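What follows is the content of protein-v6.txt, which has compact mmCIF, C-alpha atoms and all ligand atoms:
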# COMPACT_ATOMS: atom_id res chain seq x y z
CA MET A 1 11.38 7.70 9.73
CA ASP A 2 8.05 8.30 11.43
CA HIS A 3 6.40 10.51 14.01
CA PHE A 4 5.35 7.83 16.50
CA HIS A 5 7.46 7.99 19.65
CA TYR A 6 7.32 7.42 23.38
CA ARG A 7 7.28 10.44 25.68
CA ASN A 8 7.45 9.61 29.36
CA ARG A 9 6.46 6.04 28.58
CA VAL A 10 3.36 7.03 26.63
CA LEU A 11 3.15 6.51 22.87
CA HIS A 12 2.46 9.68 20.95
CA CYS A 13 1.61 10.38 17.34
CA GLU A 14 3.27 13.72 16.68
CA ASP A 15 2.16 15.73 19.74
CA VAL A 16 -0.95 13.72 20.54
CA ALA A 17 -0.99 11.01 23.22
CA ILE A 18 -2.46 7.78 21.90
CA PRO A 19 -4.51 7.03 25.06
CA ALA A 20 -6.39 10.31 24.51
CA LEU A 21 -7.30 9.19 20.99
CA ALA A 22 -8.39 5.76 22.18
CA ALA A 23 -10.58 7.40 24.82
CA GLU A 24 -12.16 9.76 22.31
CA TYR A 25 -12.61 7.48 19.30
CA GLY A 26 -12.54 3.97 20.77
CA THR A 27 -10.58 0.95 19.52
CA PRO A 28 -9.65 -0.71 17.24
CA LEU A 29 -8.45 2.55 15.76
CA PHE A 30 -6.12 3.46 12.93
CA VAL A 31 -4.03 6.55 13.72
CA TYR A 32 -2.10 8.27 10.93
CA SER A 33 0.57 10.94 11.16
CA GLN A 34 0.27 13.65 8.53
CA ALA A 35 3.89 14.70 9.01
CA THR A 36 5.05 11.14 8.28
CA LEU A 37 2.89 10.87 5.17
CA LEU A 38 4.19 14.13 3.77
CA HIS A 39 7.76 13.36 4.76
CA HIS A 40 7.71 10.18 2.71
CA LEU A 41 6.03 11.79 -0.28
CA SER A 42 8.62 14.56 -0.33
CA ALA A 43 11.48 12.05 0.16
CA ILE A 44 10.47 10.40 -3.14
CA GLN A 45 9.97 13.73 -4.85
CA ALA A 46 13.45 14.81 -3.71
CA ALA A 47 15.24 11.55 -4.58
CA PHE A 48 13.83 11.61 -8.13
CA ALA A 49 13.78 15.42 -8.51
CA GLU A 50 16.09 15.37 -11.51
CA ALA A 51 13.41 13.48 -13.50
CA HIS A 52 10.42 15.61 -12.39
CA PRO A 53 8.45 12.38 -11.94
CA VAL A 54 4.72 11.99 -11.85
CA ILE A 55 4.19 10.36 -8.46
CA ALA A 56 0.99 8.33 -8.69
CA TYR A 57 0.12 7.35 -5.12
CA SER A 58 -1.24 3.82 -5.17
CA VAL A 59 -4.84 4.02 -3.96
CA LYS A 60 -5.06 0.32 -3.09
CA THR A 61 -2.54 0.87 -0.29
CA ASN A 62 -4.83 3.13 1.67
CA GLY A 63 -7.73 4.70 -0.16
CA ASN A 64 -8.98 7.00 2.59
CA LEU A 65 -10.28 10.19 0.95
CA SER A 66 -8.55 12.53 3.39
CA ILE A 67 -5.21 10.84 2.78
CA GLY A 68 -5.85 11.03 -0.96
CA LYS A 69 -6.71 14.71 -0.68
CA LEU A 70 -3.48 15.35 1.17
CA MET A 71 -1.56 13.53 -1.55
CA ALA A 72 -3.27 15.52 -4.31
CA GLU A 73 -2.66 18.81 -2.50
CA HIS A 74 1.02 17.99 -2.35
CA GLY A 75 1.40 17.25 -6.02
CA SER A 76 0.69 13.54 -6.18
CA GLY A 77 -1.33 11.77 -8.84
CA PHE A 78 -2.88 8.33 -8.39
CA ASP A 79 -2.43 4.73 -9.45
CA VAL A 80 -5.82 3.01 -9.55
CA THR A 81 -6.80 -0.56 -10.23
CA SER A 82 -10.60 -0.46 -10.48
CA GLY A 83 -13.46 1.86 -11.25
CA GLY A 84 -13.95 2.17 -7.51
CA GLU A 85 -10.39 3.33 -6.97
CA LEU A 86 -10.74 5.81 -9.83
CA TYR A 87 -13.86 7.13 -8.11
CA ARG A 88 -11.93 7.44 -4.85
CA ALA A 89 -9.04 9.26 -6.56
CA LEU A 90 -11.34 11.72 -8.30
CA THR A 91 -13.44 12.27 -5.17
CA ALA A 92 -10.26 13.02 -3.22
CA GLY A 93 -9.51 15.79 -5.73
CA GLY A 94 -7.06 13.88 -7.95
CA SER A 95 -6.25 15.41 -11.29
CA PRO A 96 -7.20 12.97 -14.10
CA SER A 97 -4.09 14.04 -16.00
CA LYS A 98 -2.02 12.35 -13.27
CA ILE A 99 -4.02 9.12 -12.95
CA VAL A 100 -2.77 5.76 -14.24
CA PHE A 101 -4.96 2.67 -14.37
CA ALA A 102 -3.44 -0.82 -13.98
CA GLY A 103 -5.02 -4.23 -13.46
CA VAL A 104 -5.47 -7.38 -15.55
CA GLY A 105 -9.27 -7.29 -15.63
CA LYS A 106 -10.52 -3.83 -16.56
CA THR A 107 -14.13 -4.03 -17.73
CA ALA A 108 -15.54 -2.07 -20.67
CA ALA A 109 -17.50 0.06 -18.18
CA GLU A 110 -14.30 0.87 -16.26
CA MET A 111 -12.53 1.70 -19.51
CA ARG A 112 -15.34 4.08 -20.51
CA TYR A 113 -15.31 5.73 -17.09
CA ALA A 114 -11.55 6.26 -17.26
CA LEU A 115 -11.61 7.50 -20.88
CA GLU A 116 -14.41 9.92 -20.13
CA SER A 117 -12.51 11.13 -17.06
CA GLY A 118 -9.46 11.81 -19.26
CA ILE A 119 -6.87 9.80 -17.32
CA MET A 120 -3.20 9.98 -18.20
CA LEU A 121 -2.42 6.32 -18.98
CA PHE A 122 -3.89 2.85 -19.05
CA ASN A 123 -1.36 0.24 -18.00
CA VAL A 124 -2.46 -2.55 -20.29
CA GLU A 125 -1.71 -6.14 -19.32
CA SER A 126 -2.75 -8.37 -22.24
CA GLU A 127 -3.39 -8.38 -25.96
CA ASP A 128 -7.12 -9.01 -25.47
CA GLU A 129 -7.34 -6.09 -23.08
CA LEU A 130 -5.42 -3.82 -25.46
CA PHE A 131 -7.82 -4.32 -28.35
CA ALA A 132 -10.88 -4.22 -26.10
CA LEU A 133 -9.66 -0.83 -24.89
CA GLY A 134 -9.05 0.28 -28.47
CA ALA A 135 -12.63 -0.65 -29.39
CA VAL A 136 -14.10 1.17 -26.38
CA ALA A 137 -12.02 4.25 -27.15
CA GLN A 138 -13.11 4.23 -30.81
CA SER A 139 -16.74 3.90 -29.81
CA LEU A 140 -16.32 7.09 -27.79
CA GLY A 141 -14.36 8.84 -30.54
CA LYS A 142 -11.29 8.88 -28.32
CA VAL A 143 -7.72 7.60 -28.42
CA ALA A 144 -6.65 5.65 -25.33
CA PRO A 145 -3.19 6.54 -24.03
CA VAL A 146 -1.48 3.23 -23.23
CA ALA A 147 1.59 2.00 -21.40
CA LEU A 148 2.25 -1.66 -22.02
CA ARG A 149 2.76 -3.43 -18.71
CA VAL A 150 5.63 -5.80 -19.13
CA ASN A 151 6.63 -8.76 -17.01
CA PRO A 152 10.43 -8.56 -17.17
CA ASP A 153 10.86 -12.07 -15.77
CA LEU A 154 13.21 -11.29 -12.88
CA PRO A 155 14.23 -13.71 -10.10
CA PRO A 156 11.90 -13.93 -7.07
CA LYS A 157 12.15 -10.79 -4.92
CA THR A 158 9.44 -10.87 -2.28
CA HIS A 159 6.56 -12.97 -0.93
CA ALA A 160 5.20 -15.28 -3.66
CA LYS A 161 1.74 -13.76 -3.26
CA THR A 162 3.00 -10.26 -4.05
CA ASP A 163 5.82 -10.89 -6.52
CA THR A 164 4.46 -9.59 -9.83
CA SER A 165 7.43 -9.89 -12.19
CA VAL A 166 8.45 -13.54 -12.15
CA LYS A 167 7.50 -15.83 -14.98
CA GLY A 168 4.12 -17.45 -14.56
CA VAL A 169 2.21 -14.69 -12.73
CA LYS A 170 -0.91 -13.20 -14.28
CA PHE A 171 0.49 -9.69 -14.59
CA GLY A 172 1.71 -7.88 -17.68
CA LEU A 173 2.78 -9.05 -21.10
CA ASP A 174 5.69 -11.49 -21.27
CA ILE A 175 8.69 -9.50 -22.31
CA GLU A 176 9.25 -11.83 -25.28
CA THR A 177 5.77 -11.20 -26.70
CA VAL A 178 5.38 -7.45 -26.18
CA LEU A 179 6.73 -6.47 -29.58
CA GLU A 180 4.41 -8.85 -31.41
CA VAL A 181 1.45 -7.28 -29.64
CA SER A 182 2.63 -3.70 -30.11
CA GLN A 183 3.21 -4.35 -33.83
CA LYS A 184 -0.47 -5.24 -34.20
CA ALA A 185 -1.41 -1.92 -32.60
CA VAL A 186 0.55 0.21 -35.06
CA GLY A 187 -1.84 2.68 -36.67
CA HIS A 188 -4.84 1.62 -34.52
CA PRO A 189 -7.16 4.63 -34.45
CA GLY A 190 -8.24 4.06 -30.82
CA LEU A 191 -4.81 3.38 -29.30
CA ALA A 192 -1.70 5.44 -28.67
CA ILE A 193 1.08 3.24 -27.34
CA ALA A 194 2.90 5.85 -25.30
CA GLY A 195 4.78 4.06 -22.54
CA VAL A 196 6.23 1.05 -20.80
CA HIS A 197 5.04 0.02 -17.35
CA MET A 198 6.53 -2.39 -14.83
CA HIS A 199 5.48 -3.07 -11.27
CA LEU A 200 7.99 -5.56 -9.94
CA GLY A 201 6.40 -6.63 -6.66
CA SER A 202 5.87 -5.39 -3.15
CA PRO A 203 7.68 -4.86 -0.85
CA ILE A 204 11.12 -4.90 -2.47
CA LEU A 205 14.15 -4.43 -0.23
CA SER A 206 16.89 -4.14 -2.85
CA ALA A 207 17.51 -1.79 -5.74
CA GLU A 208 18.82 -4.55 -7.97
CA PRO A 209 15.43 -5.56 -9.46
CA TYR A 210 14.81 -1.91 -10.40
CA ARG A 211 18.20 -1.73 -12.07
CA ALA A 212 17.58 -4.94 -14.02
CA GLY A 213 13.95 -4.08 -14.83
CA SER A 214 14.66 -0.56 -16.03
CA ALA A 215 17.55 -1.78 -18.18
CA LYS A 216 15.12 -4.14 -19.90
CA ALA A 217 12.68 -1.24 -20.28
CA VAL A 218 15.32 0.88 -22.05
CA GLU A 219 15.84 -1.81 -24.66
CA LEU A 220 12.11 -2.32 -25.09
CA ILE A 221 11.47 1.41 -25.51
CA ARG A 222 14.10 1.50 -28.26
CA GLN A 223 12.35 -1.35 -30.06
CA LEU A 224 8.87 0.11 -29.61
CA ARG A 225 10.09 3.40 -31.00
CA SER A 226 11.54 1.64 -34.01
CA GLN A 227 8.05 0.21 -34.64
CA GLY A 228 6.89 3.81 -34.87
CA HIS A 229 5.31 4.21 -31.42
CA ASN A 230 5.82 7.56 -29.76
CA ILE A 231 7.03 6.33 -26.36
CA ARG A 232 7.07 9.14 -23.82
CA PHE A 233 6.47 7.41 -20.49
CA LEU A 234 8.50 5.04 -18.35
CA ASN A 235 6.43 3.84 -15.39
CA MET A 236 8.45 1.79 -12.89
CA GLY A 237 5.49 1.10 -10.58
CA GLY A 238 5.71 0.93 -6.81
CA GLY A 239 7.18 -1.59 -4.41
CA PHE A 240 9.77 0.40 -2.45
CA GLY A 241 10.18 -1.48 0.84
CA ILE A 242 9.86 -0.01 4.33
CA HIS A 243 11.07 -0.84 7.82
CA TYR A 244 8.72 -3.36 9.40
CA ARG A 245 11.22 -4.87 11.84
CA ARG A 246 14.11 -2.48 12.23
CA LEU A 247 16.06 -0.78 9.47
CA GLU A 248 15.79 -3.33 6.71
CA ALA A 249 14.84 -1.08 3.76
CA PRO A 250 17.34 0.89 1.67
CA SER A 251 16.95 4.64 1.39
CA VAL A 252 14.79 5.80 -1.50
CA THR A 253 17.85 7.46 -3.07
CA VAL A 254 19.22 3.95 -3.63
CA PHE A 255 16.11 3.10 -5.68
CA ALA A 256 16.48 6.41 -7.53
CA GLU A 257 20.09 5.63 -8.47
CA ALA A 258 18.90 2.36 -9.98
CA ILE A 259 16.07 3.89 -12.02
CA LEU A 260 17.34 7.33 -13.10
CA PRO A 261 19.86 6.07 -15.71
CA ALA A 262 16.96 4.62 -17.72
CA VAL A 263 15.18 7.97 -17.60
CA ARG A 264 18.30 9.79 -18.81
CA GLU A 265 18.83 7.31 -21.59
CA THR A 266 15.26 7.29 -22.92
CA GLY A 267 14.28 10.90 -22.19
CA CYS A 268 10.93 9.56 -20.98
CA GLN A 269 8.65 11.14 -18.41
CA LEU A 270 9.12 8.99 -15.29
CA VAL A 271 6.02 7.75 -13.49
CA LEU A 272 6.19 6.01 -10.10
CA GLU A 273 3.37 4.34 -8.18
CA PRO A 274 4.47 4.21 -4.55
CA GLY A 275 1.99 3.22 -1.89
CA ARG A 276 3.54 1.43 1.07
CA PHE A 277 6.58 3.72 1.11
CA ILE A 278 4.34 6.74 1.66
CA VAL A 279 1.73 5.45 4.06
CA GLY A 280 3.10 2.22 5.60
CA ASN A 281 4.96 3.69 8.52
CA ALA A 282 2.56 6.63 8.78
CA GLY A 283 -0.11 4.55 10.50
CA ILE A 284 -0.58 2.38 13.57
CA LEU A 285 -3.44 0.18 14.69
CA VAL A 286 -4.42 0.77 18.31
CA SER A 287 -6.25 -1.99 20.12
CA THR A 288 -7.41 -2.77 23.65
CA VAL A 289 -6.49 -5.93 25.55
CA LEU A 290 -9.58 -7.91 26.48
CA TYR A 291 -8.28 -11.08 28.12
CA ASN A 292 -5.24 -13.19 28.90
CA LYS A 293 -5.42 -16.89 28.30
CA GLU A 294 -3.10 -19.87 28.66
CA THR A 295 -3.84 -22.96 26.69
CA GLY A 296 -1.88 -25.75 25.05
CA GLY A 297 1.24 -24.51 26.77
CA LYS A 298 0.96 -21.09 25.10
CA ARG A 299 0.08 -17.64 26.35
CA TYR A 300 -2.41 -15.58 24.42
CA ILE A 301 -3.25 -11.91 24.52
CA ILE A 302 -6.78 -11.50 23.22
CA GLN A 303 -7.38 -7.95 22.06
CA ASP A 304 -10.06 -6.19 20.06
CA ALA A 305 -8.28 -5.92 16.69
CA ALA A 306 -8.39 -8.92 14.38
CA MET A 307 -7.53 -10.32 10.99
CA ASN A 308 -10.43 -8.38 9.53
CA ASP A 309 -8.59 -5.17 10.53
CA LEU A 310 -5.07 -6.25 9.57
CA ILE A 311 -4.87 -9.41 7.50
CA ARG A 312 -1.17 -9.22 6.59
CA PRO A 313 0.11 -11.59 9.33
CA THR A 314 -2.55 -14.17 8.42
CA LEU A 315 -2.11 -13.85 4.67
CA TYR A 316 1.63 -13.39 4.26
CA ASP A 317 3.06 -14.25 7.68
CA ALA A 318 3.97 -10.58 7.73
CA PHE A 319 5.79 -9.16 10.75
CA HIS A 320 4.43 -6.03 12.43
CA ARG A 321 6.03 -4.54 15.51
CA ILE A 322 3.67 -4.58 18.48
CA TRP A 323 4.27 -2.86 21.79
CA PRO A 324 2.16 -1.50 24.65
CA VAL A 325 1.04 2.10 24.27
CA GLN A 326 2.03 2.62 27.93
CA PRO A 327 4.74 0.03 28.62
CA PRO A 328 5.24 -0.95 32.27
CA VAL A 329 8.45 0.25 33.92
CA SER A 330 9.73 -3.33 33.90
CA VAL A 331 10.44 -3.12 30.16
CA THR A 332 12.16 -0.78 27.77
CA GLU A 333 10.09 1.96 26.09
CA GLN A 334 10.55 0.32 22.73
CA PRO A 335 12.83 -2.64 22.02
CA GLU A 336 15.73 -2.35 19.59
CA ASP A 337 15.13 -5.84 18.32
CA TYR A 338 11.73 -7.42 18.73
CA GLU A 339 12.90 -10.94 18.13
CA ALA A 340 15.81 -11.15 20.53
CA PRO A 341 14.89 -11.96 24.15
CA ILE A 342 13.63 -8.80 25.86
CA ALA A 343 13.96 -8.44 29.64
CA GLY A 344 10.59 -8.39 31.38
CA THR A 345 8.73 -10.10 28.53
CA VAL A 346 7.36 -13.54 27.74
CA PRO A 347 6.40 -14.98 24.36
CA GLN A 348 2.71 -14.47 23.71
CA ASP A 349 0.42 -14.84 20.70
CA VAL A 350 -1.51 -11.66 19.97
CA VAL A 351 -4.90 -12.72 18.68
CA GLY A 352 -8.29 -11.19 17.94
CA PRO A 353 -11.92 -12.24 18.41
CA VAL A 354 -12.44 -13.73 14.92
CA CYS A 355 -13.42 -17.38 14.72
CA GLU A 356 -10.35 -18.67 12.89
CA SER A 357 -7.09 -20.12 14.16
CA GLY A 358 -5.41 -17.92 11.56
CA ASP A 359 -6.63 -14.81 13.34
CA TYR A 360 -3.48 -13.38 14.86
CA LEU A 361 -1.40 -10.23 14.67
CA ALA A 362 1.73 -11.92 16.04
CA LYS A 363 2.88 -15.32 17.22
CA ALA A 364 5.19 -16.04 20.15
CA ARG A 365 5.95 -12.33 20.44
CA ASN A 366 8.05 -11.14 23.38
CA LEU A 367 5.70 -8.83 25.27
CA PRO A 368 5.33 -7.82 28.90
CA PRO A 369 2.38 -9.22 30.85
CA LEU A 370 -0.67 -7.16 29.96
CA GLN A 371 -4.03 -6.63 31.56
CA ALA A 372 -7.54 -6.04 30.33
CA GLY A 373 -7.85 -2.43 29.28
CA ASP A 374 -4.20 -1.99 28.33
CA LEU A 375 -3.67 -0.48 24.90
CA LEU A 376 -1.46 -2.08 22.27
CA ALA A 377 0.05 -0.45 19.20
CA THR A 378 0.65 -2.45 16.03
CA PHE A 379 3.09 -0.44 13.96
CA SER A 380 3.50 0.02 10.20
CA ALA A 381 -0.22 -0.45 9.76
CA GLY A 382 -0.81 2.41 7.35
CA ALA A 383 -0.51 0.27 4.21
CA TYR A 384 -2.73 -2.64 3.19
CA ALA A 385 -4.50 -2.71 6.53
CA MET A 386 -7.67 -0.64 6.32
CA SER A 387 -7.77 -1.08 2.54
CA MET A 388 -7.89 -4.87 3.02
CA ALA A 389 -10.19 -4.74 6.04
CA SER A 390 -13.46 -6.63 5.91
CA ASN A 391 -16.65 -7.16 7.83
CA TYR A 392 -15.90 -10.85 8.42
CA ASN A 393 -17.71 -12.17 11.50
CA ALA A 394 -19.93 -9.09 11.03
CA ARG A 395 -17.26 -7.00 12.70
CA LEU A 396 -17.47 -3.26 12.21
CA ARG A 397 -14.56 -1.76 10.37
CA ALA A 398 -12.41 0.49 12.53
CA ALA A 399 -12.37 4.27 12.67
CA GLU A 400 -9.45 6.24 11.22
CA VAL A 401 -7.94 9.39 12.69
CA LEU A 402 -5.44 11.80 11.16
CA VAL A 403 -3.05 13.63 13.48
CA THR A 404 -1.19 16.77 12.63
CA GLY A 405 0.91 18.40 15.33
CA SER A 406 -1.26 18.61 18.42
CA THR A 407 -4.56 18.30 16.53
CA HIS A 408 -6.48 15.29 15.36
CA ARG A 409 -9.61 14.58 13.40
CA LEU A 410 -11.73 11.66 12.33
CA ILE A 411 -11.20 10.76 8.67
CA ARG A 412 -13.45 7.73 8.71
CA ARG A 413 -16.09 7.10 11.33
CA ARG A 414 -16.43 3.69 12.91
CA GLU A 415 -19.03 1.57 11.15
CA THR A 416 -22.36 0.86 12.82
CA PHE A 417 -24.61 -2.19 12.86
CA ALA A 418 -26.86 -0.27 10.45
CA ASP A 419 -23.93 0.06 8.00
CA LEU A 420 -23.47 -3.71 8.17
CA VAL A 421 -26.91 -4.42 6.77
CA ALA A 422 -27.39 -1.27 4.67
CA CYS A 423 -27.16 -3.06 1.32
CA GLU A 424 -29.56 -5.80 2.39
CA VAL A 425 -32.38 -4.27 4.40
CA GLY A 426 -33.99 -2.85 1.25
CA CYS A 427 -34.06 -6.38 -0.22
CA LEU A 428 -35.75 -8.06 2.76
CA ARG A 429 -39.13 -9.55 2.02
N1 LIG B 1 1.45 -0.32 -8.71
C1 LIG B 1 0.86 -1.49 -8.95
C2 LIG B 1 0.48 -1.84 -10.33
C3 LIG B 1 0.60 -2.37 -7.90
O1 LIG B 1 0.01 -3.53 -8.15
C4 LIG B 1 0.96 -2.01 -6.58
C5 LIG B 1 0.70 -2.91 -5.47
C6 LIG B 1 1.56 -0.75 -6.37
C7 LIG B 1 1.80 0.06 -7.46
C8 LIG B 1 1.96 -0.26 -5.02
O2 LIG B 1 2.96 -1.00 -4.43
P1 LIG B 1 3.69 -0.49 -3.10
O3 LIG B 1 4.45 0.76 -3.45
O4 LIG B 1 2.65 -0.20 -2.08
O5 LIG B 1 4.57 -1.57 -2.70
N2 LIG B 1 -1.33 -6.54 0.07
C9 LIG B 1 0.12 -6.74 -0.04
C10 LIG B 1 0.73 -5.88 -1.11
C11 LIG B 1 0.07 -6.03 -2.47
C12 LIG B 1 0.61 -5.05 -3.46
C13 LIG B 1 -0.26 -4.99 -4.66
N3 LIG B 1 0.17 -4.07 -5.64
C14 LIG B 1 0.75 -6.49 1.32
O6 LIG B 1 0.03 -6.20 2.27
O7 LIG B 1 1.97 -6.60 1.47
What would you get if you wrote out this structure as structure tokens?
Ligand code: LLP
Amino acid sequence: MDHFHYRNRVLHCEDVAIPALAAEYGTPLFVYSQATLLHHLSAIQAAFAEAHPVIAYSVKTNGNLSIGKLMAEHGSGFDVTSGGELYRALTAGGSPSKIVFAGVGKTAAEMRYALESGIMLFNVESEDELFALGAVAQSLGKVAPVALRVNPDLPPKTHAKTDTSVKGVKFGLDIETVLEVSQKAVGHPGLAIAGVHMHLGSPILSAEPYRAGSAKAVELIRQLRSQGHNIRFLNMGGGFGIHYRRLEAPSVTVFAEAILPAVRETGCQLVLEPGRFIVGNAGILVSTVLYNKETGGKRYIIQDAAMNDLIRPTLYDAFHRIWPVQPPVSVTEQPEDYEAPIAGTVPQDVVGPVCESGDYLAKARNLPPLQAGDLLATFSAGAYAMSMASNYNARLRAAEVLVTGSTHRLIRRRETFADLVACEVGCLR
């Protein structure tokens, strides 16, 4: 469900026509729908209402401060994975008591920052990290609240680069070794083992891994409690899939049905760390066609967005729907199925200006003939697009705009050439 739709053959975000935004803010441009963001946040809150979960929006998905502020204002906490993300969460108005901190490589400085901020939980991923955290906490006269991140060793569920709960990945403690580690922490003055954390992977399109993972968590919580740990939190991470192609993702209530039994059984406070589910379909990337080109028997659309704006197709062969903002009358307003032949279209590669053959948003995509100046929309670009954007080829990162109803405002200005060199000019000699 999202609030991007065609009205009289013009793509709108809520009540705002996309061409008006492109004219005002330029392209490439990320456009977010506030109604979509809030709809998805409240869909999770409703599906899990029985458990009164702490929803910790995953900052890595899209760390824009205005989006974070919106999340905080609507009851969300934050999942962070670096000192920088903690800074973003706090700057956006996040309450430390609803912040969880995951990641395999937290530094002592990050631990101190998080302890001094009074965050809710550290999701600890190794024995070394656990005792390093204990030492930092002791040095500050504090007790670190800890959830042990466990790798439940489930079958592969998603792209190998983003599957975080199969054997052999760097994340979490192996489920067979957790109890050994937790035993060593019994009575540690700087550590309170208070929860179990799992993040299974992303995106996940079936509830089964959550069912299997949370069943393993129930058993582990029982064992941790019998070691004397006061386990109060069950954190099942993020990973809920979204519709990139058509309607491939289950409803969030299906994920809730898989997870809630473990909450009932353990009596734990449920924590969830959704990112993509909230913001993925709440954003599009708008670009302008620069040139057409035919070479090597292929047709290319060269437009002004590139892999530095949206790296998912390059990195994971990810599929994003792409369609003209103002489709010609020869084609449908928006195809039902982007991969089946579409009348009035020809297969074209959608590429950007970056100097790499891997710079593409889509390959052999059925699109109508387009001309310089035409606008294209790449859908489902709210998650892991701007947050993974770079300045490669010294390209300026795009502007971001938030739409609500018939109003819109800039939430990140387009970078300038001066921004590009800001960290270096002071070092020139
Ligand atoms: N919690 C933890 C500990 C995570 O590592 C992640 C994502 C999340 C929560 C949020 O997952 P979500 O609800 O958004 O699926 N760049 C990749 C995705 C990497 C996900 C990394 N961790 C992509 O573009 O598909």
How would you write as an MDAnalysis selection string the residues that get within 6 Å of (7.8, 6.6, -17.1) in the file's frame, counting all atoms listed in the file? chainID A and resid 233:235 268:271
Export, as a PDB file, in the frame of the given file, the selected residues with C-alpha atoms.
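Contents of the output file out24.pdb:
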ATOM      1  CA  PHE A 233       6.470   7.410 -20.490  1.00  0.00           C
ATOM      2  CA  LEU A 234       8.500   5.040 -18.350  1.00  0.00           C
ATOM      3  CA  ASN A 235       6.430   3.840 -15.390  1.00  0.00           C
ATOM      4  CA  CYS A 268      10.930   9.560 -20.980  1.00  0.00           C
ATOM      5  CA  GLN A 269       8.650  11.140 -18.410  1.00  0.00           C
ATOM      6  CA  LEU A 270       9.120   8.990 -15.290  1.00  0.00           C
ATOM      7  CA  VAL A 271       6.020   7.750 -13.490  1.00  0.00           C
TER       8      VAL A 271
END
Please find the residues contacting ligand LIG 1 (chain B) at a distance of at most 6 Å between atoms, with only C-alpha atoms and all ligand atoms counted, and report them as a ChimeraX atom specification. /A:58,61,102,162,199,202-203,237-240,273-277,312,384
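If you look at CA of Ile204 in chain A and CA of Ser76 in chain A, they are 21.5 Å away from each other.
The smallest atom-to-atom distance between Glu265 in chain A and any of A:Leu290, A:Val143, A:Ala51, A:Val100, using only C-alpha atoms, is found for A:Ala51.
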Taking only C-alpha atoms into account, which of A:Ala282, A:Val196, A:Leu396, A:Met386 comes nearest Arg222 in chain A?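 Looking only at the distances to Arg222 in chain A, the closest residue turns out to be A:Val196.
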Which residues, protein or nucleic acid, reach to within 9 Å of (-6.1, 3.5, 13.9) in the file's coordinates when using all atoms listed in the file, and can you give that as JSON, numbers by chain? {"A": [22, 27, 28, 29, 30, 31, 32, 283, 284, 285, 286, 287, 381, 382, 386, 398, 399, 400, 401, 402]}
So, with only C-alpha atoms as the atoms that count, which of A:Ile67, A:Ala305, A:Ala372, A:Met236 lies closest to Lys293 in chain A?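 For Lys293 in chain A, the nearest of the candidates is A:Ala372.
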Who sits within 12 Å of Glu129 in chain A, only C-alpha atoms, same chain under 3 positions skipped, as a PyMOL selection string: chain A and resi 102-108+110-111+122-126+132-136+144+146+148-149+172-173+181+185+191
Box for range 17-35 of chain A - axis-aligned, 6 Å on each of the six sides, all listed atoms - centre and size in Å to one decimal, as AutoDock Vina command-line options.
--center_x -4.4 --center_y 7.0 --center_z 16.8 --size_x 28.5 --size_y 27.4 --size_z 28.5
Excluding Ile302 in chain A and its own-chain neighbours fewer than 6 positions away, which residues fall within 6 Å of it when counting all atoms listed in the file? Please give them as an MDAnalysis selection string. chainID A and resid 290:291 351:352
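Distances from A:Tyr316, A:Phe255, A:Tyr392, A:Tyr244 to Glu208 in chain A were compared using only C-alpha atoms, and the smallest one belongs to A:Phe255.
Nearest to Ser66 in chain A of all the residues A:Leu410, A:Ser330, A:Phe131, A:Pro189 is A:Leu410, counting only C-alpha atoms.
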